[in-house]
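In what follows, a structure is listed as structure tokens, so that the remarks can point back to it.
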Amino acid sequence: MDVDTRLLRYFAAVAIEGNLTRAAEGLFVSQPALTKQIRQLESQLGVRLFTRSRAGMTVTAAGQALAERVPALLAGWDQALREARTAASQAGHVLRVGFLAGAANEATQQIIAAFARRRPDWRVEMRAASWLDPTAGLASGDTDVALLRLPFPAQDSLRVEVLFSEPRWVALPATHPLAARDRIPFRDLWDEPFVAAPTETGWWRDWWLATDEREGHPVKIGAVTDTGKPDDWLAAIANGGGIALAPESAGGYYSRPDVTYRPVTEVSPSQVGVAWSPASDANPVIQDFVRCCVDNKPPHDPEPI
């Protein structure tokens, strides 16, 4: 019997969390979709894997037996897949670099140029990722190394070198009353509706809503962008769906006349880092790229607002 590894990942997440909601958030899927996948796995296997109750999800004897085997099985498959993809890219001398938004901003071109000098027989393939994939392909093995916004889900399972910090600004409609201000205290935004990522993105969504920096003040969600595409995010803001926190550099990369970016005080900055899998610690090509990132990062972080 062949079983989709995706179903096994969903099963493992629920078995660990014992709760569908928390598991769904960690997997970046909706709870109904996760429930459907678990039932599909149970149907394929012909056994009941969980006992469902108001308290949560408890694994059955059959579920426990499967749970003991699945982590090693998935780890082996992930390693095999990563090695196959890495071997393919190495054979073609292609380094797959995932990135979000502006990557490392102005330093990106310097990093790529430095790597080209260090590895002239290699080609860098930049792969843009949706904001729904904060690891920019690292978690799935689709990229070899990535330039990312910190913090991000699964950060503790990867190697990360912080390159620089960048203030969080606010993106708001050009006609918004606050758009005329030079700087905006974050508390003046607390009652504004925000454009948010889907709930299944978990604390990645919460961080960009700055939920921990509101002194308990509830967040008001005006719109949700399900695609993770910058154009949809900008359209939601321009059309009055809400405002949103964004890196300072977003104003340069995502400029449009009906959206204004303003500095925000009293909110922590965003960090940019280079990340890679621990399995690549001994990979000289990836380590060369990391070195190029570190050597070409901005000389200092901007002064806090």
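Letters A, B, ... mark the chains of the structure tokens in the order given; residue numbers begin at 1 per chain; ligand numbers begin at 1, in order shown.
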Inset, instruction - Write out as an NGL selection string the residues lying within 6 Å of region 140-145 of chain A, counting only C-alpha atoms and excluding same-chain residues fewer than 5 positions away. - result: :A and (82 or 96-98 or 275-276)
Selected residues written out, N, CA and C atoms, as a PDB file, in the first residue's frame:
ATOM      1  N   ARG A  82      16.230  15.500  -0.190  1.00  0.00           N
ATOM      2  CA  ARG A  82      17.177  16.616  -0.163  1.00  0.00           C
ATOM      3  C   ARG A  82      18.469  16.251  -0.882  1.00  0.00           C
ATOM      4  N   ARG A  96      20.544  26.953  -5.479  1.00  0.00           N
ATOM      5  CA  ARG A  96      19.169  27.435  -5.394  1.00  0.00           C
ATOM      6  C   ARG A  96      19.012  28.274  -4.124  1.00  0.00           C
ATOM      7  N   VAL A  97      18.788  29.561  -4.311  1.00  0.00           N
ATOM      8  CA  VAL A  97      18.683  30.490  -3.186  1.00  0.00           C
ATOM      9  C   VAL A  97      17.243  30.985  -3.075  1.00  0.00           C
ATOM     10  N   GLY A  98      16.560  30.601  -2.008  1.00  0.00           N
ATOM     11  CA  GLY A  98      15.214  31.083  -1.777  1.00  0.00           C
ATOM     12  C   GLY A  98      15.246  32.449  -1.122  1.00  0.00           C
ATOM     13  N   ALA A 275      19.834  31.399   5.975  1.00  0.00           N
ATOM     14  CA  ALA A 275      19.514  30.145   6.656  1.00  0.00           C
ATOM     15  C   ALA A 275      19.824  28.964   5.757  1.00  0.00           C
ATOM     16  N   TRP A 276      20.169  27.840   6.385  1.00  0.00           N
ATOM     17  CA  TRP A 276      20.457  26.621   5.647  1.00  0.00           C
ATOM     18  C   TRP A 276      20.218  25.419   6.554  1.00  0.00           C
TER      19      TRP A 276
END
Inset, instruction - Taking the chain letters and numbering used in this document, name the residues of region 76-301 of chain A that DSSP puts in helix (DSSP H, G or I), as number ranges by chain. - result: A: 76-91, 107-118, 155-157, 177-180, 186-189, 199-201, 203-208, 211-213, 230-238, 250-253, 278-280, 284-295
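Pairwise distance (CA of Val29 (chain A), CA of Ala75 (chain A)) equals 21.0 Å.
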Inset, instruction - Please provide as a list in words all residues within 7 Å of region 163-167 of chain A, with the sequence filter that same-chain residues fewer than 4 positions apart are discarded (counting only C-alpha atoms). - result: Pro247, Glu248, Pro269, Ser270, Gln271, Val272, Gly273, Val294, Lys297, Pro298, Asp301 and Pro302 of chain A
Keeping only all heavy atoms, write the selected residues as a PDB file, in the first residue's frame.
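File produced: selection-v8.pdb:
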ATOM      1  N   PRO A 247       8.485  45.648   6.412  1.00  0.00           N
ATOM      2  CA  PRO A 247       9.853  46.140   6.533  1.00  0.00           C
ATOM      3  C   PRO A 247       9.987  47.522   5.887  1.00  0.00           C
ATOM      4  O   PRO A 247       9.263  47.851   4.933  1.00  0.00           O
ATOM      5  CB  PRO A 247      10.675  45.101   5.756  1.00  0.00           C
ATOM      6  CG  PRO A 247       9.804  43.903   5.663  1.00  0.00           C
ATOM      7  CD  PRO A 247       8.404  44.404   5.633  1.00  0.00           C
ATOM      8  N   GLU A 248      10.886  48.320   6.373  1.00  0.00           N
ATOM      9  CA  GLU A 248      11.111  49.654   5.808  1.00  0.00           C
ATOM     10  C   GLU A 248      11.352  49.593   4.302  1.00  0.00           C
ATOM     11  O   GLU A 248      10.854  50.424   3.544  1.00  0.00           O
ATOM     12  CB  GLU A 248      12.298  50.309   6.500  1.00  0.00           C
ATOM     13  CG  GLU A 248      12.655  51.677   5.949  1.00  0.00           C
ATOM     14  CD  GLU A 248      13.915  52.250   6.561  1.00  0.00           C
ATOM     15  OE1 GLU A 248      14.590  51.534   7.340  1.00  0.00           O
ATOM     16  OE2 GLU A 248      14.243  53.413   6.268  1.00  0.00           O
ATOM     17  N   PRO A 269      12.175  45.894  15.554  1.00  0.00           N
ATOM     18  CA  PRO A 269      12.528  45.776  14.135  1.00  0.00           C
ATOM     19  C   PRO A 269      12.429  44.349  13.626  1.00  0.00           C
ATOM     20  O   PRO A 269      12.302  43.398  14.394  1.00  0.00           O
ATOM     21  CB  PRO A 269      13.981  46.260  14.109  1.00  0.00           C
ATOM     22  CG  PRO A 269      14.518  45.863  15.450  1.00  0.00           C
ATOM     23  CD  PRO A 269      13.366  46.065  16.409  1.00  0.00           C
ATOM     24  N   SER A 270      12.488  44.234  12.324  1.00  0.00           N
ATOM     25  CA  SER A 270      12.584  42.931  11.654  1.00  0.00           C
ATOM     26  C   SER A 270      14.053  42.626  11.417  1.00  0.00           C
ATOM     27  O   SER A 270      14.868  43.535  11.253  1.00  0.00           O
ATOM     28  CB  SER A 270      11.837  42.988  10.313  1.00  0.00           C
ATOM     29  OG  SER A 270      12.129  41.854   9.524  1.00  0.00           O
ATOM     30  N   GLN A 271      14.399  41.351  11.410  1.00  0.00           N
ATOM     31  CA  GLN A 271      15.769  40.942  11.105  1.00  0.00           C
ATOM     32  C   GLN A 271      15.806  40.162   9.797  1.00  0.00           C
ATOM     33  O   GLN A 271      14.836  39.500   9.425  1.00  0.00           O
ATOM     34  CB  GLN A 271      16.332  40.067  12.225  1.00  0.00           C
ATOM     35  CG  GLN A 271      16.602  40.810  13.519  1.00  0.00           C
ATOM     36  CD  GLN A 271      17.232  39.914  14.564  1.00  0.00           C
ATOM     37  OE1 GLN A 271      16.818  38.773  14.759  1.00  0.00           O
ATOM     38  NE2 GLN A 271      18.241  40.408  15.256  1.00  0.00           N
ATOM     39  N   VAL A 272      16.913  40.269   9.106  1.00  0.00           N
ATOM     40  CA  VAL A 272      17.151  39.506   7.885  1.00  0.00           C
ATOM     41  C   VAL A 272      18.330  38.576   8.144  1.00  0.00           C
ATOM     42  O   VAL A 272      19.335  38.982   8.729  1.00  0.00           O
ATOM     43  CB  VAL A 272      17.450  40.432   6.688  1.00  0.00           C
ATOM     44  CG1 VAL A 272      17.872  39.615   5.469  1.00  0.00           C
ATOM     45  CG2 VAL A 272      16.230  41.268   6.349  1.00  0.00           C
ATOM     46  N   GLY A 273      18.197  37.326   7.733  1.00  0.00           N
ATOM     47  CA  GLY A 273      19.279  36.375   7.948  1.00  0.00           C
ATOM     48  C   GLY A 273      19.417  35.416   6.796  1.00  0.00           C
ATOM     49  O   GLY A 273      18.544  35.329   5.923  1.00  0.00           O
ATOM     50  N   VAL A 294      27.727  37.073   4.969  1.00  0.00           N
ATOM     51  CA  VAL A 294      28.273  37.705   6.168  1.00  0.00           C
ATOM     52  C   VAL A 294      29.250  38.814   5.793  1.00  0.00           C
ATOM     53  O   VAL A 294      29.233  39.904   6.384  1.00  0.00           O
ATOM     54  CB  VAL A 294      28.956  36.657   7.064  1.00  0.00           C
ATOM     55  CG1 VAL A 294      29.667  37.331   8.227  1.00  0.00           C
ATOM     56  CG2 VAL A 294      27.937  35.646   7.572  1.00  0.00           C
ATOM     57  N   LYS A 297      27.228  42.007   4.324  1.00  0.00           N
ATOM     58  CA  LYS A 297      26.081  42.585   5.017  1.00  0.00           C
ATOM     59  C   LYS A 297      26.334  44.062   5.273  1.00  0.00           C
ATOM     60  O   LYS A 297      27.480  44.513   5.259  1.00  0.00           O
ATOM     61  CB  LYS A 297      25.805  41.848   6.315  1.00  0.00           C
ATOM     62  CG  LYS A 297      26.901  41.986   7.366  1.00  0.00           C
ATOM     63  CD  LYS A 297      26.567  41.178   8.606  1.00  0.00           C
ATOM     64  CE  LYS A 297      27.654  41.289   9.661  1.00  0.00           C
ATOM     65  NZ  LYS A 297      27.343  40.486  10.855  1.00  0.00           N
ATOM     66  N   PRO A 298      25.267  44.843   5.490  1.00  0.00           N
ATOM     67  CA  PRO A 298      25.450  46.261   5.791  1.00  0.00           C
ATOM     68  C   PRO A 298      26.376  46.458   6.989  1.00  0.00           C
ATOM     69  O   PRO A 298      26.374  45.638   7.922  1.00  0.00           O
ATOM     70  CB  PRO A 298      24.030  46.748   6.101  1.00  0.00           C
ATOM     71  CG  PRO A 298      23.160  45.800   5.353  1.00  0.00           C
ATOM     72  CD  PRO A 298      23.857  44.466   5.413  1.00  0.00           C
ATOM     73  N   ASP A 301      23.491  48.271  11.710  1.00  0.00           N
ATOM     74  CA  ASP A 301      22.033  48.345  11.656  1.00  0.00           C
ATOM     75  C   ASP A 301      21.607  49.809  11.758  1.00  0.00           C
ATOM     76  O   ASP A 301      22.296  50.641  12.369  1.00  0.00           O
ATOM     77  CB  ASP A 301      21.411  47.567  12.821  1.00  0.00           C
ATOM     78  CG  ASP A 301      21.560  46.067  12.635  1.00  0.00           C
ATOM     79  OD1 ASP A 301      21.794  45.642  11.479  1.00  0.00           O
ATOM     80  OD2 ASP A 301      21.464  45.338  13.627  1.00  0.00           O
ATOM     81  N   PRO A 302      20.459  50.140  11.165  1.00  0.00           N
ATOM     82  CA  PRO A 302      19.972  51.514  11.276  1.00  0.00           C
ATOM     83  C   PRO A 302      19.620  51.862  12.710  1.00  0.00           C
ATOM     84  O   PRO A 302      19.311  51.002  13.521  1.00  0.00           O
ATOM     85  CB  PRO A 302      18.728  51.509  10.379  1.00  0.00           C
ATOM     86  CG  PRO A 302      18.288  50.095  10.350  1.00  0.00           C
ATOM     87  CD  PRO A 302      19.550  49.268  10.422  1.00  0.00           C
TER      88      PRO A 302
END
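Taking only C-alpha atoms into account, Arg159 (chain A) lies nearest to A:Ser277 out of the set A:Ser277, A:Gln287, A:Gln110, A:Gln40.
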Legend entry - Gap from CA of Trp204 (chain A) to CA of Ala33 (chain A) - Å, one decimal: 19.8 Å
Inset, instruction - Compile the contact shell of Asp232 (chain A) as a PyMOL selection string: residues with an atom at most 12 Å away, counting only C-alpha atoms, same-chain residues fewer than 2 positions apart removed. - result: chain A and resi 130-131+195-197+223-230+234-239+241+254
Inset, instruction - Using CA of Pro120 (chain A) and CA of Phe289 (chain A) as the two end points, give the distance in Å to one decimal. - result: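 The value is 12.3 Å.
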Inset, instruction - Could you check which of A:Thr108, A:Thr260, A:Thr201, A:Thr211 is closest to Arg181 (chain A), using only C-alpha atoms? - result: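 Selected residue with least distance to Arg181 (chain A): A:Thr260.
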Inset, instruction - Determine the nearest neighbour of Arg149 (chain A) from the options A:Ala246, A:Val94, A:Met57, A:Leu209, counting only C-alpha atoms. - result: A:Ala246
Inset, instruction - Tell me which of A:Thr175, A:Asn105, A:Thr199, A:Ser157 sits closest to Leu27 (chain A), counting only C-alpha atoms. - result: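 Among A:Thr175, A:Asn105, A:Thr199, A:Ser157, it is A:Thr199 that comes nearest to Leu27 (chain A).
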